[in-house]
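Here the structure comes first, spelled out in structure tokens, and everything after it is commentary.
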Amino acid sequence: APGAHARRPMVDRINALKIPVTFVYGDQDWMDPKGGEQSVENLRQAGNGNGRMYLVPHAGHHHNPKATNDLLVKELDRPHWS
């Protein structure tokens with residue numbers, strides 16, 4: 001719900017991950033995409049350059065499933081560890 005806060009924000013722990021990570025937000029999402037942007041930066045600083053963040057157009061938190069699915073298929077097909 002809007003105004004919700006994580007008990008243990010992922011952005012504070014993300015740098016331990018050594019795998020590709022993809023964040024997807026709607027451009028009208030109630031979640032702030034700055035958390036995803038900061039998580040990708042934290043991954044990069046920890047040596048994991050395989051973090052990505054995307055904004056899905058015309059979408060809130062659960063909208064525009066076609067664009068979201070297309071994006072996820074593209075990410076799954078992308079060579080990782082590049």
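In the structure tokens, each chain is lettered A, B, ... as it comes, each chain's residues begin at 1, and ligands are numbered from 1 in order of appearance.
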Each residue of region 2-24 of chain A lying at most 12 Å from region 42-58 of chain A should get a row with its shortest atom-to-atom pair and the distance in Å to one decimal, counting only C-alpha atoms; could you produce that, ordered by chain and increasing number, as a Markdown table?
```
| residue | atom | partner | partner_atom | distance |
| --- | --- | --- | --- | --- |
| A:Met10 | CA | A:Asn42 | CA | 10.5 |
| A:Val11 | CA | A:Asn42 | CA | 7.5 |
| A:Asp12 | CA | A:Asn42 | CA | 8.5 |
| A:Arg13 | CA | A:Asn42 | CA | 8.9 |
| A:Ile14 | CA | A:Leu43 | CA | 6.5 |
| A:Asn15 | CA | A:Leu43 | CA | 4.8 |
| A:Ala16 | CA | A:Ala46 | CA | 7.6 |
| A:Leu17 | CA | A:Leu43 | CA | 7.4 |
| A:Lys18 | CA | A:Asn48 | CA | 6.1 |
| A:Ile19 | CA | A:Asn50 | CA | 7.2 |
| A:Pro20 | CA | A:Asn50 | CA | 4.7 |
| A:Val21 | CA | A:Gly51 | CA | 4.7 |
| A:Thr22 | CA | A:Arg52 | CA | 4.8 |
| A:Phe23 | CA | A:Met53 | CA | 4.5 |
| A:Val24 | CA | A:Tyr54 | CA | 5.0 |
```
Can those selected residues be exported to a file as a compact mmCIF listing (two decimals), in the first residue's frame so that it contains C-alpha atoms?
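So the final result, stored in out-v3.txt, reads:
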```txt
# COMPACT_ATOMS: atom_id res chain seq x y z
CA MET A 10 16.59 -4.70 0.18
CA VAL A 11 18.59 -1.66 -0.89
CA ASP A 12 20.60 -2.02 2.34
CA ARG A 13 21.46 -5.70 1.69
CA ILE A 14 21.57 -5.99 -2.10
CA ASN A 15 25.34 -5.65 -2.47
CA ALA A 16 25.82 -9.21 -1.18
CA LEU A 17 24.17 -10.68 -4.29
CA LYS A 18 26.49 -11.98 -6.98
CA ILE A 19 23.77 -12.87 -9.50
CA PRO A 20 21.97 -10.85 -12.19
CA VAL A 21 19.12 -8.81 -10.67
CA THR A 22 16.32 -7.01 -12.53
CA PHE A 23 14.00 -4.43 -10.97
CA VAL A 24 10.75 -3.53 -12.73
```
Residue neighbourhood Thr68 (chain A), 10 Å, only C-alpha atoms, exclusion window fewer than 2 positions, as a list in words: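 The residues that qualify are Val24, Tyr25, Gly26, Tyr54, Leu55, Val56, Pro57, Ala59, His62, His63, Asn64, Pro65, Lys66, Asp70, Leu71, Leu72, Val73 and Lys74 of chain A.
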Same residues, N, CA and C atoms, saved as an mmCIF file, in the first residue's frame:
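The resulting file, part22.cif, is reproduced below:
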```
data_model
loop_
_atom_site.group_PDB
_atom_site.id
_atom_site.type_symbol
_atom_site.label_atom_id
_atom_site.label_comp_id
_atom_site.auth_asym_id
_atom_site.auth_seq_id
_atom_site.Cartn_x
_atom_site.Cartn_y
_atom_site.Cartn_z
ATOM 1 N N VAL A 24 11.757 -4.025 -11.796
ATOM 2 C CA VAL A 24 10.752 -3.532 -12.733
ATOM 3 C C VAL A 24 9.733 -2.706 -11.956
ATOM 4 N N TYR A 25 9.529 -1.482 -12.402
ATOM 5 C CA TYR A 25 8.551 -0.574 -11.801
ATOM 6 C C TYR A 25 7.643 -0.055 -12.898
ATOM 7 N N GLY A 26 6.410 0.249 -12.544
ATOM 8 C CA GLY A 26 5.535 0.965 -13.458
ATOM 9 C C GLY A 26 5.859 2.445 -13.382
ATOM 10 N N TYR A 54 14.095 -1.122 -14.813
ATOM 11 C CA TYR A 54 13.259 -0.681 -15.920
ATOM 12 C C TYR A 54 11.982 -0.041 -15.400
ATOM 13 N N LEU A 55 11.483 0.930 -16.148
ATOM 14 C CA LEU A 55 10.169 1.526 -15.912
ATOM 15 C C LEU A 55 9.243 1.065 -17.032
ATOM 16 N N VAL A 56 8.149 0.428 -16.673
ATOM 17 C CA VAL A 56 7.160 -0.022 -17.650
ATOM 18 C C VAL A 56 6.202 1.137 -17.919
ATOM 19 N N PRO A 57 6.027 1.515 -19.183
ATOM 20 C CA PRO A 57 5.144 2.645 -19.494
ATOM 21 C C PRO A 57 3.675 2.308 -19.257
ATOM 22 N N ALA A 59 1.868 2.089 -16.593
ATOM 23 C CA ALA A 59 1.649 1.027 -15.613
ATOM 24 C C ALA A 59 1.767 1.551 -14.195
ATOM 25 N N HIS A 62 0.700 -3.197 -10.823
ATOM 26 C CA HIS A 62 0.329 -4.490 -11.423
ATOM 27 C C HIS A 62 -0.307 -4.317 -12.796
ATOM 28 N N HIS A 63 0.063 -3.303 -13.515
ATOM 29 C CA HIS A 63 -0.577 -3.017 -14.790
ATOM 30 C C HIS A 63 0.379 -3.260 -15.952
ATOM 31 N N ASN A 64 -0.184 -3.253 -17.157
ATOM 32 C CA ASN A 64 0.558 -3.437 -18.400
ATOM 33 C C ASN A 64 1.347 -4.747 -18.389
ATOM 34 N N PRO A 65 0.648 -5.879 -18.181
ATOM 35 C CA PRO A 65 1.348 -7.163 -18.102
ATOM 36 C C PRO A 65 2.078 -7.542 -19.387
ATOM 37 N N LYS A 66 1.567 -7.153 -20.556
ATOM 38 C CA LYS A 66 2.261 -7.507 -21.800
ATOM 39 C C LYS A 66 3.645 -6.873 -21.850
ATOM 40 N N ASP A 70 7.105 -8.983 -21.801
ATOM 41 C CA ASP A 70 8.082 -8.810 -22.884
ATOM 42 C C ASP A 70 9.444 -8.418 -22.323
ATOM 43 N N LEU A 71 9.440 -7.537 -21.342
ATOM 44 C CA LEU A 71 10.684 -7.088 -20.730
ATOM 45 C C LEU A 71 11.381 -8.244 -20.010
ATOM 46 N N LEU A 72 10.612 -9.040 -19.270
ATOM 47 C CA LEU A 72 11.208 -10.153 -18.531
ATOM 48 C C LEU A 72 11.755 -11.226 -19.466
ATOM 49 N N VAL A 73 11.057 -11.509 -20.558
ATOM 50 C CA VAL A 73 11.572 -12.470 -21.540
ATOM 51 C C VAL A 73 12.882 -11.954 -22.125
ATOM 52 N N LYS A 74 12.930 -10.668 -22.453
ATOM 53 C CA LYS A 74 14.159 -10.063 -22.979
ATOM 54 C C LYS A 74 15.301 -10.212 -21.972
#
```
Report, in Å to a single decimal, how far apart CA of His61 (chain A) and CA of Asp27 (chain A) are. 8.7 Å
In chain A, what's alpha helix (DSSP H) per DSSP? Answer as a list in words?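 Reading the DSSP output for chain A, alpha helix (DSSP H) covers Lys34, Gly35, Gly36, Glu37, Gln38, Ser39, Val40, Glu41, Asn42, Leu43, Arg44, Gln45, Pro65, Lys66, Ala67, Thr68, Asn69, Asp70, Leu71, Leu72, Val73, Lys74, Glu75, Leu76 and Asp77 of chain A.
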Any idea what the distance is between CA of Ser39 (chain A) and CA of His5 (chain A)? 15.8 Å
Those in chain A with strand (DSSP E or B) from DSSP, as a list in words: Val21, Thr22, Phe23, Val24, Tyr25, Gly26, Gly51, Arg52, Met53, Tyr54, Leu55 and Val56 of chain A
Using CA of Asp29 (chain A) and CA of Glu75 (chain A) as the two end points, give the distance in Å to one decimal.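 CA of Glu75 (chain A) lies 20.4 Å from CA of Asp29 (chain A).
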